[in-house]
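Below is one structure, written out as structure tokens; the observations come after it.
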Amino acid sequence: MSITPRIPSLIPESAPFTPEQRTWLNGLFAGMISLDESVTPLSNAEAAKLLPDVVPAPKEDDGAPWHDPAMPIADRMKLAEGKALPRRMMAAMAQQDCSQCGYNCKDYADAIFSKKEARLNLCVPGGKDTARTLKTLFAELGAPAQTETAPAPAPVNSAPGRSRDNPVIATFISRRRLNKEGSQKDTWHIEFDLAESGLDYVVGDSFGIYPTNDGALVDAVIAALAAPADFPIGGRTLREVLTDGVSLSPAPDMLFQLMSYLTGGERKKKAKALADGRDPDGDAATLDVLASLQKFPGIRPDPEAFIEALDPLQPRVYSISSSLKSNPGRVSLTVDAVRYAIGDRTRLGVASTFLNSRVKPGDKIRVYVQKAQHFALPADPNKPIIMIGPGTGLAPFRAFLQERLATKAPGPNWLYFGHQRSDYDFFYEDELKEMRKSGHLTRLTLAWSRDADEKIYVQHRMRDEGRDLWEWISRGAHIYVCGDALRMAKDVERALIDVVAEHGKRSPEDAARFVAELKKSDRYQADVY
Ligand SMILES: Cc1cc2nc3c(=O)[nH]c(=O)nc-3n(C[C@H](O)[C@H](O)[C@H](O)COP(=O)(O)OP(=O)(O)OC[C@H]3O[C@@H](n4cnc5c(N)ncnc54)[C@H](O)[C@@H]3O)c2cc1C
Ligand SMILES: NC(=O)c1ccc[n+]([C@@H]2O[C@H](COP(=O)([O-])OP(=O)(O)OC[C@H]3O[C@@H](n4cnc5c(N)ncnc54)[C@H](OP(=O)(O)O)[C@@H]3O)[C@@H](O)[C@H]2O)c1
């Protein structure tokens, strides 16, 4: 007769483990410690801390209630409190599933947790806050946090040009401004030649580019460092490394740490406070690398140590706004320039201003195609599609329309486009009007937010046209939204739920469930940032 030993329960029932993991952990600890009356069960947090090195991440679905890009990080971390470490790591991400890090938020967290990914600073939209939180969480793994310069792990997809870790070369061909003179926006149509790279893509994919920093900013940093521009660093010059190797945007904690070593008294305290994530003078949010050097004038870090303290320059991704079928060997993007003033200096979004003003025709750029995860035309070309894309959100829908034209897809196409002013900001106006005339674009709904006193947004127009929208949805239409993740995408979803409730004659709860089902079945897809 075999006797199954009774394994006492040290892991609480509520701890986020599968029954197998719980049994396994209980067995492990029963063997590790003497089980007398004084042994008390572990708390969830203690149990979670023990998890990393002994069992894989729990697979239980907790619904990830923090998975909302509009939620501030403090609220996300609060919602994830008490959850297993990989879940808390996920909550630290910006929740956009934007793939700029090479993963979605959950997979990036799991990769860090399982130590397959050493880089904690890959979340571009999460920036410093995410990197800092991840560093703290990583420490719970019991291993020292990797430095930002830790060697990159094997790329997730190592095929050339298919991931940020293995870019290929494309040639910049041209740019054309999409706003008319007088617009408050600066959005450009950008074209690359892919011939040399042999790269292909499908509509819905995004395009990753490695930008370079603005030359004037690099000069100003070199001047503030009072170092020679040709100072040698790893076989390159200081200027070269500052141009394409490191981020000159928000100053990393490591830079303040370095500064704290090189100064004394009150300045040392301030630098240390900034390195610890505090904000002694209330200006932390404005401190890019140059502003940090200017805040502590006279500190002359060794250029090599200075470079070591900076973050690597990250690639940026852009929705592809062309179809290969109508543009063989080419890819186009639709890029809005990020520029804003702080004090008397205009800060430049590194990649958008690189594409919209610095790169020159013929320049060779490192690029890759970021495959879309759940953003694609329906497999059935007969299906109707509804595309909601204000501003640069129009980009992938131009590609969708080109693709459906080139493949003679018979399904009806409805586009919602919105922007500030009809006279200045009607991107691709001629093309869209032509497609409308030919009937390829079955319906075009426009929303101009600054033509009149009252703001008209795409979601207002959706509500106005709710009856027809519902009719298209009833006919099996696939719905797409692209553009701003923080406000627009949420508002559009709210409008969609309202339309389903009103015209589909459902309670608000049933309408929300209906839209959730559309999402689950990939009939409502989002590409938001
Ligand atoms: C899947 C995906 C698709 C995308 N598609 C497009 C697209 O088609 N077109 C497009 O234009 N962009 C698109 N983006 C956004 C794009 O990737 C970049 O984020 C954007 O161009 C800004 O990058 P940057 O390097 O120019 O700016 P950065 O150097 O990254 O600077 C941007 C940062 O500056 C700060 N900032 C911006 N404005 C202000 C302000 N007023 N005050 C203070 N701080 C501010 C914010 O911290 C912001 O994160 C997409 C993003 C994703 C994830
Ligand atoms: N990561 C980055 O740094 C970065 C870079 C580029 C773009 N973005 C973001 O991505 C978004 C796209 O920018 P964009 O240049 O394409 O255009 P945009 O700034 O989103 O503007 C496009 C249109 O959308 C309107 N809009 C504003 N709030 C809205 C809402 N809640 N619902 C629906 N429409 C709304 C705007 O109106 P009004 O302006 O008149 O209110 C405008 O008419 C922006 O939010 C921008 O902040 C971020």
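In the structure tokens, chains take letters A, B, ... by order of appearance, with residues numbered from 1 within each chain and ligands from 1 in the order shown.
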Among region 198-446 of chain A, which ones does DSSP assign to strand (DSSP E or B) (computed from the backbone)? Answer as a compact mmCIF listing (two decimals) with N, CA, C and O atoms, in the first residue's frame.
```
# COMPACT_ATOMS: atom_id res chain seq x y z
N SER A 206 3.47 48.04 -38.13
CA SER A 206 4.12 49.33 -37.86
C SER A 206 5.57 49.25 -38.31
O SER A 206 6.12 48.16 -38.52
N PHE A 207 6.17 50.42 -38.41
CA PHE A 207 7.54 50.51 -38.92
C PHE A 207 8.40 51.13 -37.83
O PHE A 207 8.06 52.21 -37.31
N GLY A 208 9.45 50.45 -37.46
CA GLY A 208 10.35 50.96 -36.42
C GLY A 208 11.52 51.68 -37.06
O GLY A 208 12.08 51.21 -38.06
N ILE A 209 11.89 52.81 -36.49
CA ILE A 209 13.06 53.53 -37.02
C ILE A 209 13.99 53.92 -35.88
O ILE A 209 13.53 54.23 -34.77
N PRO A 232 37.51 60.15 -27.52
CA PRO A 232 37.23 58.77 -27.97
C PRO A 232 36.43 57.96 -26.95
O PRO A 232 36.76 57.94 -25.78
N ILE A 233 35.39 57.31 -27.44
CA ILE A 233 34.58 56.43 -26.58
C ILE A 233 34.29 55.15 -27.36
O ILE A 233 33.53 55.17 -28.35
N ARG A 236 34.58 55.26 -31.06
CA ARG A 236 33.81 56.32 -31.72
C ARG A 236 34.12 57.63 -31.00
O ARG A 236 34.79 57.64 -29.98
N THR A 237 33.59 58.72 -31.56
CA THR A 237 33.82 59.99 -30.87
C THR A 237 32.63 60.29 -29.96
O THR A 237 31.53 59.75 -30.15
N VAL A 246 22.74 57.51 -27.52
CA VAL A 246 22.11 57.69 -26.21
C VAL A 246 20.94 58.67 -26.29
O VAL A 246 20.91 59.55 -27.15
N PRO A 250 14.50 62.69 -21.10
CA PRO A 250 14.54 62.78 -19.64
C PRO A 250 15.84 62.23 -19.06
O PRO A 250 16.28 61.14 -19.42
N ASP A 288 15.74 67.38 -19.00
CA ASP A 288 16.37 66.46 -19.95
C ASP A 288 17.88 66.50 -19.67
O ASP A 288 18.33 67.15 -18.70
N PRO A 312 20.19 54.17 -23.48
CA PRO A 312 20.38 54.05 -24.92
C PRO A 312 19.24 54.73 -25.68
O PRO A 312 18.12 54.83 -25.17
N ARG A 316 11.62 54.26 -32.42
CA ARG A 316 10.20 54.62 -32.30
C ARG A 316 9.46 53.89 -33.42
O ARG A 316 10.02 53.67 -34.50
N VAL A 317 8.19 53.58 -33.18
CA VAL A 317 7.42 52.92 -34.24
C VAL A 317 6.31 53.82 -34.75
O VAL A 317 5.78 54.65 -34.01
N TYR A 318 5.97 53.62 -36.01
CA TYR A 318 4.92 54.39 -36.68
C TYR A 318 4.02 53.45 -37.47
O TYR A 318 4.52 52.51 -38.11
N SER A 319 2.72 53.72 -37.43
CA SER A 319 1.78 52.93 -38.23
C SER A 319 2.14 53.09 -39.70
O SER A 319 2.36 54.22 -40.16
N ILE A 320 2.17 52.00 -40.41
CA ILE A 320 2.45 52.07 -41.84
C ILE A 320 1.21 52.60 -42.56
O ILE A 320 0.09 52.14 -42.32
N ARG A 330 8.20 49.98 -51.28
CA ARG A 330 8.17 51.24 -50.52
C ARG A 330 7.28 51.13 -49.29
O ARG A 330 6.37 50.32 -49.24
N VAL A 331 7.57 52.00 -48.36
CA VAL A 331 6.70 52.11 -47.20
C VAL A 331 6.51 53.59 -46.90
O VAL A 331 7.43 54.39 -47.08
N SER A 332 5.31 53.95 -46.47
CA SER A 332 5.12 55.34 -46.07
C SER A 332 4.57 55.42 -44.65
O SER A 332 3.95 54.48 -44.14
N LEU A 333 4.85 56.55 -44.01
CA LEU A 333 4.40 56.83 -42.65
C LEU A 333 3.72 58.19 -42.63
O LEU A 333 3.91 59.00 -43.56
N THR A 334 2.98 58.46 -41.57
CA THR A 334 2.29 59.75 -41.41
C THR A 334 2.65 60.25 -40.02
O THR A 334 2.15 59.74 -39.03
N VAL A 335 3.55 61.24 -39.96
CA VAL A 335 4.21 61.53 -38.68
C VAL A 335 3.95 62.97 -38.23
O VAL A 335 4.22 63.92 -38.96
N ASP A 336 3.44 63.07 -37.03
CA ASP A 336 3.21 64.40 -36.45
C ASP A 336 4.43 64.78 -35.60
O ASP A 336 4.90 63.99 -34.77
N ARG A 339 6.88 68.90 -30.66
CA ARG A 339 7.73 70.05 -30.27
C ARG A 339 7.01 70.77 -29.16
O ARG A 339 5.79 70.99 -29.25
N TYR A 340 7.70 71.12 -28.13
CA TYR A 340 7.06 71.91 -27.07
C TYR A 340 8.13 72.74 -26.37
O TYR A 340 9.31 72.36 -26.35
N ALA A 341 7.69 73.87 -25.84
CA ALA A 341 8.65 74.78 -25.23
C ALA A 341 8.67 74.61 -23.72
O ALA A 341 7.63 74.48 -23.08
N ILE A 342 9.88 74.58 -23.17
CA ILE A 342 10.03 74.66 -21.71
C ILE A 342 11.04 75.78 -21.48
O ILE A 342 12.17 75.71 -21.95
N ARG A 345 13.66 77.21 -24.29
CA ARG A 345 14.17 76.21 -25.23
C ARG A 345 13.03 75.35 -25.76
O ARG A 345 12.19 74.88 -25.01
N THR A 346 13.02 75.13 -27.08
CA THR A 346 12.02 74.23 -27.68
C THR A 346 12.56 72.81 -27.60
O THR A 346 13.66 72.53 -28.09
N ARG A 347 11.78 71.96 -26.97
CA ARG A 347 12.18 70.55 -26.88
C ARG A 347 11.64 69.82 -28.13
O ARG A 347 10.51 70.08 -28.54
N LEU A 348 12.45 68.92 -28.65
CA LEU A 348 12.09 68.22 -29.88
C LEU A 348 11.87 66.75 -29.60
O LEU A 348 12.75 66.09 -29.02
N LYS A 364 20.59 56.66 -45.20
CA LYS A 364 20.32 55.25 -44.85
C LYS A 364 19.95 55.19 -43.37
O LYS A 364 20.71 55.67 -42.52
N ILE A 365 18.83 54.58 -43.10
CA ILE A 365 18.31 54.56 -41.74
C ILE A 365 18.14 53.10 -41.28
O ILE A 365 17.76 52.25 -42.08
N ARG A 366 18.38 52.85 -40.00
CA ARG A 366 18.13 51.51 -39.46
C ARG A 366 16.64 51.38 -39.14
O ARG A 366 16.08 52.24 -38.44
N VAL A 367 16.04 50.34 -39.67
CA VAL A 367 14.58 50.19 -39.56
C VAL A 367 14.20 48.73 -39.31
O VAL A 367 15.02 47.82 -39.49
N TYR A 368 12.96 48.51 -38.94
CA TYR A 368 12.42 47.14 -38.85
C TYR A 368 10.90 47.22 -38.95
O TYR A 368 10.30 48.29 -38.74
N VAL A 369 10.31 46.09 -39.28
CA VAL A 369 8.84 46.01 -39.33
C VAL A 369 8.36 45.37 -38.04
O VAL A 369 8.85 44.31 -37.64
N GLN A 370 7.45 46.06 -37.37
CA GLN A 370 6.86 45.53 -36.14
C GLN A 370 5.51 44.93 -36.52
O GLN A 370 4.58 45.65 -36.86
N ILE A 385 -15.98 47.31 -43.35
CA ILE A 385 -15.08 47.79 -42.28
C ILE A 385 -15.41 49.25 -41.94
O ILE A 385 -15.75 50.04 -42.82
N ILE A 386 -15.29 49.54 -40.65
CA ILE A 386 -15.50 50.91 -40.16
C ILE A 386 -14.18 51.32 -39.51
O ILE A 386 -13.70 50.64 -38.59
N MET A 387 -13.57 52.40 -40.01
CA MET A 387 -12.25 52.81 -39.53
C MET A 387 -12.36 54.18 -38.86
O MET A 387 -12.84 55.12 -39.49
N ILE A 388 -11.92 54.27 -37.63
CA ILE A 388 -12.03 55.54 -36.89
C ILE A 388 -10.61 56.02 -36.59
O ILE A 388 -9.91 55.42 -35.76
N ASN A 413 -16.40 50.19 -47.24
CA ASN A 413 -15.41 50.85 -46.37
C ASN A 413 -15.97 52.18 -45.86
O ASN A 413 -16.36 53.02 -46.65
N TRP A 414 -15.93 52.35 -44.54
CA TRP A 414 -16.43 53.60 -43.92
C TRP A 414 -15.29 54.18 -43.08
O TRP A 414 -14.77 53.50 -42.20
N LEU A 415 -14.93 55.41 -43.39
CA LEU A 415 -13.82 56.05 -42.66
C LEU A 415 -14.33 57.24 -41.86
O LEU A 415 -15.03 58.11 -42.40
N TYR A 416 -13.94 57.28 -40.59
CA TYR A 416 -14.12 58.48 -39.77
C TYR A 416 -12.76 59.14 -39.64
O TYR A 416 -11.81 58.54 -39.13
N PHE A 417 -12.66 60.39 -40.11
CA PHE A 417 -11.42 61.14 -39.91
C PHE A 417 -11.77 62.45 -39.24
O PHE A 417 -12.80 63.07 -39.55
N GLY A 418 -10.93 62.87 -38.33
CA GLY A 418 -11.17 64.15 -37.68
C GLY A 418 -9.85 64.84 -37.44
O GLY A 418 -8.80 64.19 -37.30
N HIS A 419 -9.92 66.16 -37.47
CA HIS A 419 -8.73 66.92 -37.08
C HIS A 419 -9.16 68.33 -36.71
O HIS A 419 -10.35 68.60 -36.59
N ARG A 443 -18.20 55.44 -47.45
CA ARG A 443 -18.71 56.53 -46.61
C ARG A 443 -17.52 57.22 -45.94
O ARG A 443 -16.58 56.54 -45.49
N LEU A 444 -17.55 58.53 -45.90
CA LEU A 444 -16.49 59.32 -45.26
C LEU A 444 -17.14 60.30 -44.30
O LEU A 444 -17.94 61.14 -44.73
N THR A 445 -16.82 60.16 -43.02
CA THR A 445 -17.40 61.08 -42.03
C THR A 445 -16.28 61.92 -41.45
O THR A 445 -15.26 61.38 -41.00
N LEU A 446 -16.46 63.23 -41.47
CA LEU A 446 -15.39 64.14 -41.03
C LEU A 446 -15.81 64.88 -39.76
O LEU A 446 -16.98 65.24 -39.61
```
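Summary of the local environment: counting only C-alpha atoms, residues at most 10 Å from Gly362 (chain A), other than itself and those fewer than 6 positions away along its chain, are A:Ala170, A:Thr171, A:Phe172, A:Ile173, A:Ser174, A:Phe192, A:Asp193.
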Go ahead and save the residues from that selection, with all heavy atoms, as a PDB file, in the first residue's frame.
```pdb
ATOM      1  N   ALA A 170      17.127  50.997 -44.621  1.00  0.00           N
ATOM      2  CA  ALA A 170      16.207  51.497 -45.650  1.00  0.00           C
ATOM      3  C   ALA A 170      16.662  52.903 -46.029  1.00  0.00           C
ATOM      4  O   ALA A 170      17.336  53.581 -45.243  1.00  0.00           O
ATOM      5  CB  ALA A 170      14.784  51.538 -45.125  1.00  0.00           C
ATOM      6  N   THR A 171      16.297  53.315 -47.237  1.00  0.00           N
ATOM      7  CA  THR A 171      16.717  54.635 -47.710  1.00  0.00           C
ATOM      8  C   THR A 171      15.551  55.608 -47.618  1.00  0.00           C
ATOM      9  O   THR A 171      14.454  55.327 -48.128  1.00  0.00           O
ATOM     10  CB  THR A 171      17.179  54.544 -49.191  1.00  0.00           C
ATOM     11  OG1 THR A 171      18.143  53.492 -49.281  1.00  0.00           O
ATOM     12  CG2 THR A 171      17.790  55.852 -49.668  1.00  0.00           C
ATOM     13  N   PHE A 172      15.806  56.726 -46.975  1.00  0.00           N
ATOM     14  CA  PHE A 172      14.777  57.765 -46.899  1.00  0.00           C
ATOM     15  C   PHE A 172      14.636  58.399 -48.275  1.00  0.00           C
ATOM     16  O   PHE A 172      15.635  58.793 -48.893  1.00  0.00           O
ATOM     17  CB  PHE A 172      15.180  58.820 -45.855  1.00  0.00           C
ATOM     18  CG  PHE A 172      14.244  59.989 -45.798  1.00  0.00           C
ATOM     19  CD1 PHE A 172      13.007  59.869 -45.202  1.00  0.00           C
ATOM     20  CD2 PHE A 172      14.606  61.209 -46.354  1.00  0.00           C
ATOM     21  CE1 PHE A 172      12.136  60.949 -45.158  1.00  0.00           C
ATOM     22  CE2 PHE A 172      13.739  62.300 -46.312  1.00  0.00           C
ATOM     23  CZ  PHE A 172      12.507  62.162 -45.711  1.00  0.00           C
ATOM     24  N   ILE A 173      13.395  58.468 -48.770  1.00  0.00           N
ATOM     25  CA  ILE A 173      13.196  59.036 -50.108  1.00  0.00           C
ATOM     26  C   ILE A 173      12.718  60.490 -50.035  1.00  0.00           C
ATOM     27  O   ILE A 173      13.301  61.383 -50.637  1.00  0.00           O
ATOM     28  CB  ILE A 173      12.131  58.247 -50.912  1.00  0.00           C
ATOM     29  CG1 ILE A 173      12.484  56.761 -50.985  1.00  0.00           C
ATOM     30  CG2 ILE A 173      11.982  58.821 -52.314  1.00  0.00           C
ATOM     31  CD1 ILE A 173      11.425  55.946 -51.698  1.00  0.00           C
ATOM     32  N   SER A 174      11.629  60.713 -49.309  1.00  0.00           N
ATOM     33  CA  SER A 174      11.037  62.056 -49.380  1.00  0.00           C
ATOM     34  C   SER A 174      10.059  62.294 -48.242  1.00  0.00           C
ATOM     35  O   SER A 174       9.644  61.356 -47.557  1.00  0.00           O
ATOM     36  CB  SER A 174      10.263  62.205 -50.695  1.00  0.00           C
ATOM     37  OG  SER A 174       9.177  61.289 -50.698  1.00  0.00           O
ATOM     38  N   PHE A 192       9.983  55.744 -47.511  1.00  0.00           N
ATOM     39  CA  PHE A 192      11.246  55.002 -47.511  1.00  0.00           C
ATOM     40  C   PHE A 192      11.249  53.998 -48.657  1.00  0.00           C
ATOM     41  O   PHE A 192      10.210  53.433 -48.997  1.00  0.00           O
ATOM     42  CB  PHE A 192      11.398  54.190 -46.218  1.00  0.00           C
ATOM     43  CG  PHE A 192      11.788  55.011 -45.028  1.00  0.00           C
ATOM     44  CD1 PHE A 192      10.823  55.445 -44.132  1.00  0.00           C
ATOM     45  CD2 PHE A 192      13.115  55.322 -44.789  1.00  0.00           C
ATOM     46  CE1 PHE A 192      11.178  56.186 -43.018  1.00  0.00           C
ATOM     47  CE2 PHE A 192      13.469  56.070 -43.678  1.00  0.00           C
ATOM     48  CZ  PHE A 192      12.500  56.503 -42.791  1.00  0.00           C
ATOM     49  N   ASP A 193      12.458  53.769 -49.176  1.00  0.00           N
ATOM     50  CA  ASP A 193      12.674  52.722 -50.174  1.00  0.00           C
ATOM     51  C   ASP A 193      13.179  51.490 -49.432  1.00  0.00           C
ATOM     52  O   ASP A 193      14.161  51.570 -48.682  1.00  0.00           O
ATOM     53  CB  ASP A 193      13.736  53.226 -51.172  1.00  0.00           C
ATOM     54  CG  ASP A 193      13.968  52.243 -52.309  1.00  0.00           C
ATOM     55  OD1 ASP A 193      13.560  51.080 -52.167  1.00  0.00           O
ATOM     56  OD2 ASP A 193      14.563  52.653 -53.319  1.00  0.00           O
TER      57      ASP A 193
END
```
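Near ligand 2, at a distance of at most 6 Å and with only C-alpha atoms and all ligand atoms counted, sit the residues Asp336, Val338, Pro390, Gly391, Thr392, Gly393, Gly418, His419, Gln420, Trp448, Ser449, Arg450, Tyr457, Val458, Gly483, Asp484, Arg487, Met488, Asp491 and Tyr529 of chain A.
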Can you write just those residues out, N, CA, C and O atoms, as a PDB file, in the first residue's frame?
```
ATOM      1  N   ASP A 336       3.436  63.070 -37.031  1.00  0.00           N
ATOM      2  CA  ASP A 336       3.214  64.400 -36.446  1.00  0.00           C
ATOM      3  C   ASP A 336       4.426  64.784 -35.598  1.00  0.00           C
ATOM      4  O   ASP A 336       4.895  63.990 -34.772  1.00  0.00           O
ATOM      5  N   VAL A 338       6.560  66.240 -32.700  1.00  0.00           N
ATOM      6  CA  VAL A 338       6.413  66.614 -31.290  1.00  0.00           C
ATOM      7  C   VAL A 338       7.416  67.734 -31.009  1.00  0.00           C
ATOM      8  O   VAL A 338       8.625  67.548 -31.156  1.00  0.00           O
ATOM      9  N   PRO A 390      -8.795  59.698 -36.147  1.00  0.00           N
ATOM     10  CA  PRO A 390      -8.490  61.132 -36.176  1.00  0.00           C
ATOM     11  C   PRO A 390      -6.984  61.389 -36.180  1.00  0.00           C
ATOM     12  O   PRO A 390      -6.211  60.561 -35.698  1.00  0.00           O
ATOM     13  N   GLY A 391      -6.578  62.518 -36.709  1.00  0.00           N
ATOM     14  CA  GLY A 391      -5.152  62.891 -36.718  1.00  0.00           C
ATOM     15  C   GLY A 391      -4.321  61.834 -37.425  1.00  0.00           C
ATOM     16  O   GLY A 391      -4.715  61.280 -38.465  1.00  0.00           O
ATOM     17  N   THR A 392      -3.150  61.536 -36.835  1.00  0.00           N
ATOM     18  CA  THR A 392      -2.283  60.521 -37.436  1.00  0.00           C
ATOM     19  C   THR A 392      -2.905  59.130 -37.358  1.00  0.00           C
ATOM     20  O   THR A 392      -2.388  58.196 -37.970  1.00  0.00           O
ATOM     21  N   GLY A 393      -3.995  59.014 -36.626  1.00  0.00           N
ATOM     22  CA  GLY A 393      -4.727  57.743 -36.579  1.00  0.00           C
ATOM     23  C   GLY A 393      -5.225  57.313 -37.948  1.00  0.00           C
ATOM     24  O   GLY A 393      -5.599  56.160 -38.155  1.00  0.00           O
ATOM     25  N   GLY A 418     -10.928  62.867 -38.325  1.00  0.00           N
ATOM     26  CA  GLY A 418     -11.170  64.146 -37.682  1.00  0.00           C
ATOM     27  C   GLY A 418      -9.849  64.844 -37.438  1.00  0.00           C
ATOM     28  O   GLY A 418      -8.805  64.193 -37.295  1.00  0.00           O
ATOM     29  N   HIS A 419      -9.922  66.157 -37.470  1.00  0.00           N
ATOM     30  CA  HIS A 419      -8.731  66.916 -37.077  1.00  0.00           C
ATOM     31  C   HIS A 419      -9.156  68.329 -36.712  1.00  0.00           C
ATOM     32  O   HIS A 419     -10.348  68.603 -36.593  1.00  0.00           O
ATOM     33  N   GLN A 420      -8.147  69.204 -36.586  1.00  0.00           N
ATOM     34  CA  GLN A 420      -8.494  70.519 -36.061  1.00  0.00           C
ATOM     35  C   GLN A 420      -9.352  71.336 -37.025  1.00  0.00           C
ATOM     36  O   GLN A 420     -10.464  71.727 -36.716  1.00  0.00           O
ATOM     37  N   TRP A 448     -14.415  68.151 -37.520  1.00  0.00           N
ATOM     38  CA  TRP A 448     -13.416  69.223 -37.380  1.00  0.00           C
ATOM     39  C   TRP A 448     -13.577  69.871 -36.015  1.00  0.00           C
ATOM     40  O   TRP A 448     -14.623  70.419 -35.701  1.00  0.00           O
ATOM     41  N   SER A 449     -12.528  69.783 -35.212  1.00  0.00           N
ATOM     42  CA  SER A 449     -12.675  70.204 -33.814  1.00  0.00           C
ATOM     43  C   SER A 449     -12.533  71.713 -33.614  1.00  0.00           C
ATOM     44  O   SER A 449     -12.967  72.239 -32.598  1.00  0.00           O
ATOM     45  N   ARG A 450     -11.916  72.397 -34.601  1.00  0.00           N
ATOM     46  CA  ARG A 450     -11.693  73.833 -34.370  1.00  0.00           C
ATOM     47  C   ARG A 450     -12.253  74.702 -35.491  1.00  0.00           C
ATOM     48  O   ARG A 450     -11.849  75.846 -35.658  1.00  0.00           O
ATOM     49  N   TYR A 457     -15.848  66.040 -32.394  1.00  0.00           N
ATOM     50  CA  TYR A 457     -14.895  64.931 -32.459  1.00  0.00           C
ATOM     51  C   TYR A 457     -15.539  63.739 -33.169  1.00  0.00           C
ATOM     52  O   TYR A 457     -16.772  63.667 -33.279  1.00  0.00           O
ATOM     53  N   VAL A 458     -14.696  62.793 -33.567  1.00  0.00           N
ATOM     54  CA  VAL A 458     -15.233  61.625 -34.292  1.00  0.00           C
ATOM     55  C   VAL A 458     -16.357  60.933 -33.508  1.00  0.00           C
ATOM     56  O   VAL A 458     -17.343  60.493 -34.099  1.00  0.00           O
ATOM     57  N   GLY A 483      -4.988  55.946 -33.098  1.00  0.00           N
ATOM     58  CA  GLY A 483      -4.616  57.297 -32.682  1.00  0.00           C
ATOM     59  C   GLY A 483      -4.411  57.357 -31.180  1.00  0.00           C
ATOM     60  O   GLY A 483      -3.972  56.383 -30.564  1.00  0.00           O
ATOM     61  N   ASP A 484      -4.761  58.478 -30.612  1.00  0.00           N
ATOM     62  CA  ASP A 484      -4.495  58.761 -29.202  1.00  0.00           C
ATOM     63  C   ASP A 484      -5.105  57.724 -28.248  1.00  0.00           C
ATOM     64  O   ASP A 484      -6.317  57.506 -28.260  1.00  0.00           O
ATOM     65  N   ARG A 487      -7.103  59.547 -24.477  1.00  0.00           N
ATOM     66  CA  ARG A 487      -8.470  60.052 -24.380  1.00  0.00           C
ATOM     67  C   ARG A 487      -9.346  59.543 -25.515  1.00  0.00           C
ATOM     68  O   ARG A 487     -10.400  58.973 -25.284  1.00  0.00           O
ATOM     69  N   MET A 488      -8.892  59.761 -26.750  1.00  0.00           N
ATOM     70  CA  MET A 488      -9.751  59.489 -27.901  1.00  0.00           C
ATOM     71  C   MET A 488     -10.256  58.035 -27.921  1.00  0.00           C
ATOM     72  O   MET A 488     -11.451  57.783 -28.069  1.00  0.00           O
ATOM     73  N   ASP A 491     -12.966  57.431 -25.478  1.00  0.00           N
ATOM     74  CA  ASP A 491     -14.206  58.128 -25.818  1.00  0.00           C
ATOM     75  C   ASP A 491     -14.917  57.446 -26.991  1.00  0.00           C
ATOM     76  O   ASP A 491     -16.148  57.378 -27.036  1.00  0.00           O
ATOM     77  N   TYR A 529      -1.794  54.824 -29.275  1.00  0.00           N
ATOM     78  CA  TYR A 529      -0.493  55.181 -28.723  1.00  0.00           C
ATOM     79  C   TYR A 529      -0.548  56.487 -27.978  1.00  0.00           C
ATOM     80  O   TYR A 529      -1.549  57.170 -28.037  1.00  0.00           O
TER      81      TYR A 529
END
```
### Query
DSSP says alpha helix (DSSP H) for which residues of region 105-351 of chain A? Put them as a PyMOL selection string?
chain A and resi 105-113+127-139+215-225+238-244+253-261+265-275+289-295+303-309+350-351
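Residue neighbourhood of Asp468 (chain A), excluding near-sequence residues (fewer than 2 positions): Ile386, Trp414, Arg443, Thr445, Arg461, Met462, Arg463, Asp464, Glu465, Gly466, Trp470, Glu471, Trp472, Ile473, Ser474, Arg475, Ala477, Val499, Val500, Glu502, His503 and Gly504 of chain A, at 12 Å, using only C-alpha atoms.
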Those selected residues, please, written with C-alpha atoms and delivered as a PDB file, in the first residue's frame.
```
ATOM      1  CA  ILE A 386     -15.497  50.905 -40.159  1.00  0.00           C
ATOM      2  CA  TRP A 414     -16.431  53.598 -43.924  1.00  0.00           C
ATOM      3  CA  ARG A 443     -18.709  56.528 -46.608  1.00  0.00           C
ATOM      4  CA  THR A 445     -17.400  61.077 -42.032  1.00  0.00           C
ATOM      5  CA  ARG A 461     -20.278  62.057 -35.397  1.00  0.00           C
ATOM      6  CA  MET A 462     -20.520  58.354 -34.489  1.00  0.00           C
ATOM      7  CA  ARG A 463     -23.406  59.136 -32.160  1.00  0.00           C
ATOM      8  CA  ASP A 464     -25.092  61.295 -34.859  1.00  0.00           C
ATOM      9  CA  GLU A 465     -24.848  58.366 -37.270  1.00  0.00           C
ATOM     10  CA  GLY A 466     -25.587  55.677 -34.712  1.00  0.00           C
ATOM     11  CA  TRP A 470     -25.506  49.812 -35.892  1.00  0.00           C
ATOM     12  CA  GLU A 471     -26.788  48.632 -39.259  1.00  0.00           C
ATOM     13  CA  TRP A 472     -23.200  48.108 -40.480  1.00  0.00           C
ATOM     14  CA  ILE A 473     -22.295  46.312 -37.251  1.00  0.00           C
ATOM     15  CA  SER A 474     -25.352  44.063 -37.648  1.00  0.00           C
ATOM     16  CA  ARG A 475     -24.076  43.190 -41.109  1.00  0.00           C
ATOM     17  CA  ALA A 477     -18.653  45.027 -39.940  1.00  0.00           C
ATOM     18  CA  VAL A 499     -24.670  53.348 -30.132  1.00  0.00           C
ATOM     19  CA  VAL A 500     -25.070  49.618 -29.469  1.00  0.00           C
ATOM     20  CA  GLU A 502     -29.515  52.836 -28.260  1.00  0.00           C
ATOM     21  CA  HIS A 503     -29.841  51.281 -31.677  1.00  0.00           C
ATOM     22  CA  GLY A 504     -29.244  47.661 -30.721  1.00  0.00           C
TER      23      GLY A 504
END
```
